Amino acid sequence: MNNLLKKKNLLFLIIAVSILALAVVGCGDNNEPAPDNNNNGNDNGEAVGDGSLQRVLDAGEFHVVGSGGYRPFNYFDEDGEIVGFDVDTGAAIAERLGVELNYGDTAWDGIIEGLRAGRYDAVLGSMAITDERLEVVSFTTPYYYSGAQLVVREDSGITDPSEMDGLTIGVATGTTFADDAEELGATVSYYEDDNQTLMELINGRIDGVITDRVVAIVNIDGMQGGDQLTMAGDLLRLEQMALALRQDDEELLAELNEILEEMHADGTLRAISEEWLGEDITVDQ
């Protein structure tokens with residue numbers, strides 16, 4: 001009986017000593033920080049940012065997109081290459097980043113969702129800054145300025161946007177121009193891009209198109225059947241065009257803003273504008 005009691009006392013003593021040892025090890029040095037498995041800094045504890053700029057540099061390319069149907073800003077030429085004001089602006093930005101430009105096209109009505117899903121680094125496709133878009137993406141400083149313009153058939157007799165009440169206006173899906181059409185009291189008809197809207201107008205299937213002023217000018221002068229079209233009235237409103245980025249990509253945004261400021265200051269953007277449009281639309285009028 002005494003041997004059994006001794007064994008129990010020895011077992012209790014071993015357990016007590018083990019608990020005390022664990023408690024001492026667990027306390028450690030109160031001045032020593034706990035390990036951070038989600039460390040966003042370097043070995044010296046310095047912050048290294050969100051990594052968005054480094055992501056582009058490591059990839060060796062700046063991947064941006066537009067609709068591919070927005071002449072003269074981004075559109076496919078006779079050789080099937082996407083060209084235009086936006087594309088050349090992207091090439092100049094990529095050169096200053098020290099990477100290649102990867103300019104792709106995608107449907108405009110899903111372009112922001114694709115950006116937020118990480119399919120590309122930015123939208124560089126003549127996207128206007130709006131309060132609604134600012135809720136889900138960030139914008140750089142503007143790289144050009146333009147506005148919403150009503151286009152009609154020359155034989156329509158329409159000379160002012162106020163005459164569109166009850167008529168049908170075509171717009172590209174996902175653009176801000178639908179709001180303009182609704183404010184005029186018109187029925188809105190949606191299309192993939194302005195190649196389609198303007199062709200529908202030329203063919204008489206709709207009564208008008210609202211698009212960017214520069215797009216209107218270039219297509220009236222250059223597309224087949226464009227000579228049948230005319231601009232009705234003044235600009236409906238002004239717009240600021242900028243690159244759209246994911247809201248978390250703060251480092252990339254800051255770098256792009258610096259680059260765009262340089263391109264404004266040294267005349268690069270002005271030269272691109274004059275080459276494609278014959279005028280400078282990169283300054284706020």
# chains A, B, ... in the order shown; residues from 1 in each chain; ligands from 1

call {"tool": "residues_around", "arguments": {"residues": "A:Gln149", "least_positions_apart": "4", "cutoff": "10 Å", "atoms": "only C-alpha atoms", "output": "number ranges by chain"}}
result
A: 161, 177, 180, 209-217, 231-238

call {"tool": "residues_around", "arguments": {"residues": "stretch 117-132 of chain A", "least_positions_apart": "2", "cutoff": "7 Å", "atoms": "only C-alpha atoms", "output": "mmCIF file with all heavy atoms, in the first residue's frame"}}
result
data_model
loop_
_atom_site.group_PDB
_atom_site.id
_atom_site.type_symbol
_atom_site.label_atom_id
_atom_site.label_comp_id
_atom_site.auth_asym_id
_atom_site.auth_seq_id
_atom_site.Cartn_x
_atom_site.Cartn_y
_atom_site.Cartn_z
ATOM 1 N N PHE A 62 3.627 45.611 -68.823
ATOM 2 C CA PHE A 62 2.506 46.389 -68.291
ATOM 3 C C PHE A 62 1.284 45.966 -69.093
ATOM 4 O O PHE A 62 1.143 46.314 -70.265
ATOM 5 C CB PHE A 62 2.796 47.877 -68.445
ATOM 6 C CG PHE A 62 1.765 48.792 -67.855
ATOM 7 C CD1 PHE A 62 1.133 48.480 -66.664
ATOM 8 C CD2 PHE A 62 1.440 49.993 -68.487
ATOM 9 C CE1 PHE A 62 0.179 49.330 -66.104
ATOM 10 C CE2 PHE A 62 0.503 50.858 -67.940
ATOM 11 C CZ PHE A 62 -0.126 50.516 -66.742
ATOM 12 N N HIS A 63 0.404 45.193 -68.460
ATOM 13 C CA HIS A 63 -0.741 44.598 -69.150
ATOM 14 C C HIS A 63 -1.964 45.486 -68.960
ATOM 15 O O HIS A 63 -2.498 45.605 -67.851
ATOM 16 C CB HIS A 63 -1.009 43.198 -68.599
ATOM 17 C CG HIS A 63 -2.067 42.454 -69.351
ATOM 18 N ND1 HIS A 63 -2.599 41.262 -68.922
ATOM 19 C CD2 HIS A 63 -2.702 42.737 -70.540
ATOM 20 C CE1 HIS A 63 -3.515 40.843 -69.787
ATOM 21 N NE2 HIS A 63 -3.593 41.725 -70.769
ATOM 22 N N VAL A 64 -2.402 46.126 -70.030
ATOM 23 C CA VAL A 64 -3.565 47.012 -69.987
ATOM 24 C C VAL A 64 -4.536 46.624 -71.092
ATOM 25 O O VAL A 64 -4.172 45.916 -72.038
ATOM 26 C CB VAL A 64 -3.149 48.492 -70.144
ATOM 27 C CG1 VAL A 64 -2.193 48.898 -69.041
ATOM 28 C CG2 VAL A 64 -2.525 48.751 -71.507
ATOM 29 N N VAL A 65 -5.781 47.122 -70.980
ATOM 30 C CA VAL A 65 -6.791 46.775 -71.977
ATOM 31 C C VAL A 65 -7.667 47.978 -72.314
ATOM 32 O O VAL A 65 -7.782 48.935 -71.547
ATOM 33 C CB VAL A 65 -7.705 45.621 -71.484
ATOM 34 C CG1 VAL A 65 -6.934 44.333 -71.329
ATOM 35 C CG2 VAL A 65 -8.400 46.003 -70.179
ATOM 36 N N GLY A 66 -8.283 47.889 -73.501
ATOM 37 C CA GLY A 66 -9.331 48.798 -73.943
ATOM 38 C C GLY A 66 -10.376 47.952 -74.649
ATOM 39 O O GLY A 66 -10.276 46.724 -74.687
ATOM 40 N N SER A 67 -11.358 48.602 -75.255
ATOM 41 C CA SER A 67 -12.421 47.843 -75.927
ATOM 42 C C SER A 67 -11.996 47.334 -77.297
ATOM 43 O O SER A 67 -12.558 46.374 -77.813
ATOM 44 C CB SER A 67 -13.669 48.717 -76.083
ATOM 45 O OG SER A 67 -13.437 49.762 -77.023
ATOM 46 N N ASN A 74 -8.307 53.343 -79.441
ATOM 47 C CA ASN A 74 -7.827 51.957 -79.489
ATOM 48 C C ASN A 74 -8.731 51.170 -80.420
ATOM 49 O O ASN A 74 -9.924 51.052 -80.177
ATOM 50 C CB ASN A 74 -7.739 51.338 -78.089
ATOM 51 C CG ASN A 74 -9.058 51.300 -77.356
ATOM 52 O OD1 ASN A 74 -9.822 50.334 -77.446
ATOM 53 N ND2 ASN A 74 -9.370 52.362 -76.597
ATOM 54 N N ASP A 86 -4.539 55.645 -77.193
ATOM 55 C CA ASP A 86 -4.373 54.934 -75.924
ATOM 56 C C ASP A 86 -3.193 53.974 -75.973
ATOM 57 O O ASP A 86 -2.446 53.838 -74.996
ATOM 58 C CB ASP A 86 -5.637 54.146 -75.581
ATOM 59 C CG ASP A 86 -6.805 55.045 -75.218
ATOM 60 O OD1 ASP A 86 -6.573 56.177 -74.756
ATOM 61 O OD2 ASP A 86 -7.962 54.608 -75.401
ATOM 62 N N GLU A 113 -14.841 44.598 -64.017
ATOM 63 C CA GLU A 113 -14.849 43.324 -63.302
ATOM 64 C C GLU A 113 -13.572 42.535 -63.592
ATOM 65 O O GLU A 113 -12.997 41.899 -62.701
ATOM 66 C CB GLU A 113 -16.080 42.503 -63.684
ATOM 67 C CG GLU A 113 -17.392 43.021 -63.109
ATOM 68 C CD GLU A 113 -17.896 44.281 -63.794
ATOM 69 O OE1 GLU A 113 -17.366 44.637 -64.875
ATOM 70 O OE2 GLU A 113 -18.819 44.920 -63.269
ATOM 71 N N GLY A 114 -13.115 42.579 -64.853
ATOM 72 C CA GLY A 114 -11.871 41.898 -65.209
ATOM 73 C C GLY A 114 -10.673 42.500 -64.492
ATOM 74 O O GLY A 114 -9.757 41.782 -64.069
ATOM 75 N N LEU A 115 -10.674 43.827 -64.360
ATOM 76 C CA LEU A 115 -9.598 44.504 -63.633
ATOM 77 C C LEU A 115 -9.585 44.070 -62.179
ATOM 78 O O LEU A 115 -8.526 43.709 -61.628
ATOM 79 C CB LEU A 115 -9.785 46.017 -63.734
ATOM 80 C CG LEU A 115 -8.842 46.880 -62.894
ATOM 81 C CD1 LEU A 115 -7.404 46.726 -63.371
ATOM 82 C CD2 LEU A 115 -9.269 48.347 -62.937
ATOM 83 N N LEU A 134 -15.380 55.351 -59.029
ATOM 84 C CA LEU A 134 -14.437 55.556 -57.925
ATOM 85 C C LEU A 134 -14.799 54.731 -56.700
ATOM 86 O O LEU A 134 -13.957 54.554 -55.803
ATOM 87 C CB LEU A 134 -14.375 57.037 -57.559
ATOM 88 C CG LEU A 134 -13.516 57.913 -58.479
ATOM 89 C CD1 LEU A 134 -13.756 59.389 -58.187
ATOM 90 C CD2 LEU A 134 -12.029 57.575 -58.326
ATOM 91 N N GLU A 135 -15.995 54.220 -56.637
ATOM 92 C CA GLU A 135 -16.379 53.358 -55.523
ATOM 93 C C GLU A 135 -15.705 51.988 -55.603
ATOM 94 O O GLU A 135 -15.571 51.307 -54.584
ATOM 95 C CB GLU A 135 -17.901 53.188 -55.487
ATOM 96 C CG GLU A 135 -18.656 54.467 -55.159
ATOM 97 C CD GLU A 135 -20.161 54.281 -55.163
ATOM 98 O OE1 GLU A 135 -20.598 53.127 -55.390
ATOM 99 O OE2 GLU A 135 -20.888 55.251 -54.935
ATOM 100 N N PHE A 139 -8.283 55.857 -59.925
ATOM 101 C CA PHE A 139 -7.914 56.468 -61.195
ATOM 102 C C PHE A 139 -6.625 57.278 -61.046
ATOM 103 O O PHE A 139 -6.383 57.900 -60.011
ATOM 104 C CB PHE A 139 -9.017 57.409 -61.695
ATOM 105 C CG PHE A 139 -10.182 56.709 -62.319
ATOM 106 C CD1 PHE A 139 -11.350 56.489 -61.606
ATOM 107 C CD2 PHE A 139 -10.114 56.266 -63.637
ATOM 108 C CE1 PHE A 139 -12.432 55.848 -62.175
ATOM 109 C CE2 PHE A 139 -11.195 55.628 -64.223
ATOM 110 C CZ PHE A 139 -12.351 55.419 -63.496
ATOM 111 N N GLU A 239 -15.460 65.457 -69.880
ATOM 112 C CA GLU A 239 -15.002 64.260 -69.183
ATOM 113 C C GLU A 239 -13.483 64.278 -69.033
ATOM 114 O O GLU A 239 -12.769 64.807 -69.884
ATOM 115 C CB GLU A 239 -15.398 62.987 -69.938
ATOM 116 C CG GLU A 239 -16.880 62.697 -69.935
ATOM 117 C CD GLU A 239 -17.182 61.337 -70.542
ATOM 118 O OE1 GLU A 239 -16.660 61.029 -71.621
ATOM 119 O OE2 GLU A 239 -17.949 60.587 -69.923
ATOM 120 N N GLN A 240 -13.012 63.677 -67.937
ATOM 121 C CA GLN A 240 -11.588 63.478 -67.698
ATOM 122 C C GLN A 240 -11.277 61.999 -67.885
ATOM 123 O O GLN A 240 -11.881 61.148 -67.233
ATOM 124 C CB GLN A 240 -11.208 63.910 -66.280
ATOM 125 C CG GLN A 240 -11.463 65.369 -65.978
ATOM 126 C CD GLN A 240 -11.111 65.714 -64.543
ATOM 127 O OE1 GLN A 240 -11.112 64.863 -63.662
ATOM 128 N NE2 GLN A 240 -10.800 66.975 -64.310
ATOM 129 N N MET A 241 -10.322 61.695 -68.758
ATOM 130 C CA MET A 241 -9.969 60.301 -69.047
ATOM 131 C C MET A 241 -8.690 59.914 -68.306
ATOM 132 O O MET A 241 -7.705 60.655 -68.312
ATOM 133 C CB MET A 241 -9.765 60.111 -70.541
ATOM 134 C CG MET A 241 -10.894 60.656 -71.395
ATOM 135 S SD MET A 241 -12.492 59.905 -71.004
ATOM 136 C CE MET A 241 -13.537 60.780 -72.172
ATOM 137 N N ALA A 242 -8.714 58.739 -67.681
ATOM 138 C CA ALA A 242 -7.579 58.308 -66.871
ATOM 139 C C ALA A 242 -7.449 56.797 -66.905
ATOM 140 O O ALA A 242 -8.335 56.090 -67.411
ATOM 141 C CB ALA A 242 -7.745 58.787 -65.433
ATOM 142 N N LEU A 243 -6.339 56.293 -66.386
ATOM 143 C CA LEU A 243 -6.153 54.852 -66.232
ATOM 144 C C LEU A 243 -6.867 54.413 -64.968
ATOM 145 O O LEU A 243 -6.788 55.078 -63.933
ATOM 146 C CB LEU A 243 -4.675 54.485 -66.109
ATOM 147 C CG LEU A 243 -3.820 54.450 -67.370
ATOM 148 C CD1 LEU A 243 -3.492 55.867 -67.831
ATOM 149 C CD2 LEU A 243 -2.522 53.680 -67.116
ATOM 150 N N ALA A 244 -7.564 53.279 -65.039
ATOM 151 C CA ALA A 244 -8.216 52.700 -63.866
ATOM 152 C C ALA A 244 -7.379 51.544 -63.339
ATOM 153 O O ALA A 244 -6.869 50.724 -64.109
ATOM 154 C CB ALA A 244 -9.611 52.203 -64.229
ATOM 155 N N LEU A 245 -7.220 51.486 -62.015
ATOM 156 C CA LEU A 245 -6.448 50.442 -61.350
ATOM 157 C C LEU A 245 -7.257 49.858 -60.202
ATOM 158 O O LEU A 245 -8.219 50.470 -59.734
ATOM 159 C CB LEU A 245 -5.131 50.988 -60.784
ATOM 160 C CG LEU A 245 -4.001 51.344 -61.732
ATOM 161 C CD1 LEU A 245 -4.244 52.694 -62.384
ATOM 162 C CD2 LEU A 245 -2.672 51.364 -60.986
#

call {"tool": "atom_distance", "arguments": {"atom1": "atom CA of A:Met223", "atom2": "atom CA of A:Gly104"}}
result
22.8 Å

call {"tool": "residues_around", "arguments": {"residues": "A:Val283", "least_positions_apart": "4", "cutoff": "9 Å", "atoms": "only C-alpha atoms", "output": "PDB file with C-alpha atoms, in the first residue's frame"}}
result
ATOM      1  CA  TYR A 143      -4.131  61.920 -69.529  1.00  0.00           C
ATOM      2  CA  TYR A 144      -6.672  63.672 -71.774  1.00  0.00           C
ATOM      3  CA  TYR A 145      -9.912  65.626 -71.683  1.00  0.00           C
ATOM      4  CA  HIS A 264       2.444  66.118 -69.520  1.00  0.00           C
ATOM      5  CA  ARG A 270       0.837  66.450 -76.481  1.00  0.00           C
TER       6      ARG A 270
END

call {"tool": "select_by_dssp", "arguments": {"residues": "stretch 145-191 of chain A", "states": "strand (DSSP E or B)", "output": "list of chain:residue names"}}
result
A:Tyr145, A:Ser146, A:Gly147, A:Ala148, A:Gln149, A:Leu150, A:Val151, A:Val152, A:Arg153, A:Thr168, A:Ile169, A:Gly170, A:Val171, A:Ala172, A:Thr187, A:Val188, A:Ser189, A:Tyr190, A:Tyr191

call {"tool": "closest_residue", "arguments": {"among": "A:Glu183, A:Thr140, A:Gly90, A:Gly226", "to": "A:Glu251", "atoms": "only C-alpha atoms"}}
result
A:Thr140

call {"tool": "residues_around", "arguments": {"residues": "A:Arg153", "least_positions_apart": "4", "cutoff": "9 Å", "atoms": "only C-alpha atoms", "output": "PDB file with all heavy atoms, in the first residue's frame"}}
result
ATOM      1  N   GLY A 157     -32.468  66.361 -89.988  1.00  0.00           N
ATOM      2  CA  GLY A 157     -33.034  67.650 -89.620  1.00  0.00           C
ATOM      3  C   GLY A 157     -32.825  68.005 -88.164  1.00  0.00           C
ATOM      4  O   GLY A 157     -33.212  69.085 -87.707  1.00  0.00           O
ATOM      5  N   ILE A 158     -32.175  67.107 -87.402  1.00  0.00           N
ATOM      6  CA  ILE A 158     -31.916  67.354 -85.974  1.00  0.00           C
ATOM      7  C   ILE A 158     -30.685  68.239 -85.839  1.00  0.00           C
ATOM      8  O   ILE A 158     -29.628  67.939 -86.401  1.00  0.00           O
ATOM      9  CB  ILE A 158     -31.716  66.027 -85.227  1.00  0.00           C
ATOM     10  CG1 ILE A 158     -32.990  65.193 -85.286  1.00  0.00           C
ATOM     11  CG2 ILE A 158     -31.300  66.277 -83.770  1.00  0.00           C
ATOM     12  CD1 ILE A 158     -32.806  63.759 -84.796  1.00  0.00           C
ATOM     13  N   LEU A 201     -26.421  53.872 -87.009  1.00  0.00           N
ATOM     14  CA  LEU A 201     -26.922  55.209 -87.335  1.00  0.00           C
ATOM     15  C   LEU A 201     -26.861  55.462 -88.839  1.00  0.00           C
ATOM     16  O   LEU A 201     -27.812  55.979 -89.432  1.00  0.00           O
ATOM     17  CB  LEU A 201     -26.111  56.261 -86.576  1.00  0.00           C
ATOM     18  CG  LEU A 201     -26.503  57.725 -86.813  1.00  0.00           C
ATOM     19  CD1 LEU A 201     -27.956  57.967 -86.439  1.00  0.00           C
ATOM     20  CD2 LEU A 201     -25.579  58.644 -86.021  1.00  0.00           C
ATOM     21  N   ILE A 202     -25.757  55.096 -89.453  1.00  0.00           N
ATOM     22  CA  ILE A 202     -25.609  55.262 -90.901  1.00  0.00           C
ATOM     23  C   ILE A 202     -26.709  54.497 -91.642  1.00  0.00           C
ATOM     24  O   ILE A 202     -27.280  54.981 -92.629  1.00  0.00           O
ATOM     25  CB  ILE A 202     -24.215  54.792 -91.362  1.00  0.00           C
ATOM     26  CG1 ILE A 202     -23.144  55.778 -90.866  1.00  0.00           C
ATOM     27  CG2 ILE A 202     -24.146  54.659 -92.878  1.00  0.00           C
ATOM     28  CD1 ILE A 202     -21.727  55.278 -91.033  1.00  0.00           C
ATOM     29  N   GLY A 204     -29.608  53.878 -90.546  1.00  0.00           N
ATOM     30  CA  GLY A 204     -30.927  54.391 -90.225  1.00  0.00           C
ATOM     31  C   GLY A 204     -31.709  53.585 -89.205  1.00  0.00           C
ATOM     32  O   GLY A 204     -32.921  53.770 -89.060  1.00  0.00           O
ATOM     33  N   ASP A 207     -31.738  56.767 -84.217  1.00  0.00           N
ATOM     34  CA  ASP A 207     -31.863  58.184 -84.563  1.00  0.00           C
ATOM     35  C   ASP A 207     -30.630  59.005 -84.213  1.00  0.00           C
ATOM     36  O   ASP A 207     -30.460  60.124 -84.723  1.00  0.00           O
ATOM     37  CB  ASP A 207     -33.068  58.782 -83.844  1.00  0.00           C
ATOM     38  CG  ASP A 207     -34.354  58.043 -84.184  1.00  0.00           C
ATOM     39  OD1 ASP A 207     -34.706  58.002 -85.380  1.00  0.00           O
ATOM     40  OD2 ASP A 207     -34.990  57.505 -83.256  1.00  0.00           O
ATOM     41  N   GLY A 208     -29.807  58.489 -83.337  1.00  0.00           N
ATOM     42  CA  GLY A 208     -28.618  59.228 -82.942  1.00  0.00           C
ATOM     43  C   GLY A 208     -27.656  58.341 -82.185  1.00  0.00           C
ATOM     44  O   GLY A 208     -27.992  57.212 -81.789  1.00  0.00           O
ATOM     45  N   GLN A 228     -22.257  60.833 -94.083  1.00  0.00           N
ATOM     46  CA  GLN A 228     -23.701  61.007 -93.918  1.00  0.00           C
ATOM     47  C   GLN A 228     -24.062  61.486 -92.507  1.00  0.00           C
ATOM     48  O   GLN A 228     -25.233  61.733 -92.226  1.00  0.00           O
ATOM     49  CB  GLN A 228     -24.418  59.677 -94.178  1.00  0.00           C
ATOM     50  CG  GLN A 228     -24.195  59.100 -95.563  1.00  0.00           C
ATOM     51  CD  GLN A 228     -24.842  57.734 -95.705  1.00  0.00           C
ATOM     52  OE1 GLN A 228     -26.015  57.553 -95.345  1.00  0.00           O
ATOM     53  NE2 GLN A 228     -24.101  56.774 -96.226  1.00  0.00           N
ATOM     54  N   LEU A 229     -23.059  61.606 -91.644  1.00  0.00           N
ATOM     55  CA  LEU A 229     -23.297  61.948 -90.249  1.00  0.00           C
ATOM     56  C   LEU A 229     -22.840  63.361 -89.941  1.00  0.00           C
ATOM     57  O   LEU A 229     -22.002  63.930 -90.644  1.00  0.00           O
ATOM     58  CB  LEU A 229     -22.555  60.960 -89.327  1.00  0.00           C
ATOM     59  CG  LEU A 229     -22.825  59.469 -89.572  1.00  0.00           C
ATOM     60  CD1 LEU A 229     -22.006  58.639 -88.589  1.00  0.00           C
ATOM     61  CD2 LEU A 229     -24.312  59.167 -89.451  1.00  0.00           C
ATOM     62  N   THR A 230     -23.391  63.907 -88.856  1.00  0.00           N
ATOM     63  CA  THR A 230     -22.984  65.239 -88.405  1.00  0.00           C
ATOM     64  C   THR A 230     -23.156  65.335 -86.897  1.00  0.00           C
ATOM     65  O   THR A 230     -23.936  64.579 -86.291  1.00  0.00           O
ATOM     66  CB  THR A 230     -23.818  66.336 -89.106  1.00  0.00           C
ATOM     67  OG1 THR A 230     -23.288  67.609 -88.779  1.00  0.00           O
ATOM     68  CG2 THR A 230     -25.279  66.273 -88.671  1.00  0.00           C
ATOM     69  N   MET A 231     -22.435  66.253 -86.277  1.00  0.00           N
ATOM     70  CA  MET A 231     -22.566  66.477 -84.841  1.00  0.00           C
ATOM     71  C   MET A 231     -23.686  67.481 -84.593  1.00  0.00           C
ATOM     72  O   MET A 231     -23.760  68.511 -85.268  1.00  0.00           O
ATOM     73  CB  MET A 231     -21.253  66.966 -84.253  1.00  0.00           C
ATOM     74  CG  MET A 231     -20.141  65.925 -84.309  1.00  0.00           C
ATOM     75  SD  MET A 231     -18.649  66.437 -83.446  1.00  0.00           S
ATOM     76  CE  MET A 231     -18.096  67.753 -84.535  1.00  0.00           C
TER      77      MET A 231
END

call {"tool": "residues_around", "arguments": {"residues": "A:Leu184", "least_positions_apart": "5", "cutoff": "9 Å", "atoms": "only C-alpha atoms", "output": "mmCIF file with all heavy atoms, in the first residue's frame"}}
result
data_model
loop_
_atom_site.group_PDB
_atom_site.id
_atom_site.type_symbol
_atom_site.label_atom_id
_atom_site.label_comp_id
_atom_site.auth_asym_id
_atom_site.auth_seq_id
_atom_site.Cartn_x
_atom_site.Cartn_y
_atom_site.Cartn_z
ATOM 1 N N PRO A 161 -29.501 68.569 -79.248
ATOM 2 C CA PRO A 161 -29.854 67.402 -78.429
ATOM 3 C C PRO A 161 -31.263 67.456 -77.848
ATOM 4 O O PRO A 161 -31.869 66.401 -77.608
ATOM 5 C CB PRO A 161 -28.797 67.447 -77.315
ATOM 6 C CG PRO A 161 -27.625 68.124 -77.933
ATOM 7 C CD PRO A 161 -28.215 69.162 -78.839
ATOM 8 N N SER A 162 -31.796 68.644 -77.631
ATOM 9 C CA SER A 162 -33.134 68.763 -77.053
ATOM 10 C C SER A 162 -34.202 68.159 -77.960
ATOM 11 O O SER A 162 -35.324 67.886 -77.505
ATOM 12 C CB SER A 162 -33.463 70.236 -76.785
ATOM 13 O OG SER A 162 -33.453 70.983 -77.990
ATOM 14 N N GLU A 163 -33.884 67.898 -79.211
ATOM 15 C CA GLU A 163 -34.838 67.342 -80.157
ATOM 16 C C GLU A 163 -34.888 65.814 -80.130
ATOM 17 O O GLU A 163 -35.613 65.198 -80.918
ATOM 18 C CB GLU A 163 -34.485 67.805 -81.574
ATOM 19 C CG GLU A 163 -34.503 69.317 -81.751
ATOM 20 C CD GLU A 163 -33.949 69.729 -83.102
ATOM 21 O OE1 GLU A 163 -34.397 69.178 -84.121
ATOM 22 O OE2 GLU A 163 -33.062 70.606 -83.140
ATOM 23 N N MET A 164 -34.122 65.178 -79.206
ATOM 24 C CA MET A 164 -34.051 63.713 -79.174
ATOM 25 C C MET A 164 -35.099 63.080 -78.279
ATOM 26 O O MET A 164 -35.169 61.860 -78.173
ATOM 27 C CB MET A 164 -32.650 63.277 -78.702
ATOM 28 C CG MET A 164 -31.527 63.706 -79.626
ATOM 29 S SD MET A 164 -31.751 63.127 -81.336
ATOM 30 C CE MET A 164 -31.691 61.362 -81.122
ATOM 31 N N ASP A 165 -35.937 63.874 -77.642
ATOM 32 C CA ASP A 165 -36.973 63.342 -76.760
ATOM 33 C C ASP A 165 -37.869 62.365 -77.530
ATOM 34 O O ASP A 165 -38.445 62.716 -78.568
ATOM 35 C CB ASP A 165 -37.807 64.492 -76.196
ATOM 36 C CG ASP A 165 -38.805 64.033 -75.139
ATOM 37 O OD1 ASP A 165 -38.641 62.911 -74.622
ATOM 38 O OD2 ASP A 165 -39.736 64.787 -74.845
ATOM 39 N N GLY A 166 -37.967 61.127 -77.029
ATOM 40 C CA GLY A 166 -38.811 60.114 -77.650
ATOM 41 C C GLY A 166 -38.151 59.343 -78.771
ATOM 42 O O GLY A 166 -38.729 58.375 -79.279
ATOM 43 N N ASP A 179 -26.496 57.591 -69.609
ATOM 44 C CA ASP A 179 -27.122 58.583 -68.727
ATOM 45 C C ASP A 179 -27.486 59.851 -69.509
ATOM 46 O O ASP A 179 -28.538 60.458 -69.282
ATOM 47 C CB ASP A 179 -26.182 58.942 -67.579
ATOM 48 C CG ASP A 179 -25.928 57.765 -66.647
ATOM 49 O OD1 ASP A 179 -26.772 56.854 -66.600
ATOM 50 O OD2 ASP A 179 -24.883 57.757 -65.979
#

call {"tool": "residues_around", "arguments": {"residues": "A:Ala91", "least_positions_apart": "2", "cutoff": "9 Å", "atoms": "only C-alpha atoms", "output": "JSON, numbers by chain"}}
result
{"A": [62, 86, 87, 88, 89, 93, 94, 95, 96, 100, 101, 102, 103]}

call {"tool": "closest_residue", "arguments": {"among": "A:Leu269, A:Leu252, A:Trp276, A:Glu261", "to": "A:Gly49", "atoms": "only C-alpha atoms"}}
result
A:Leu252
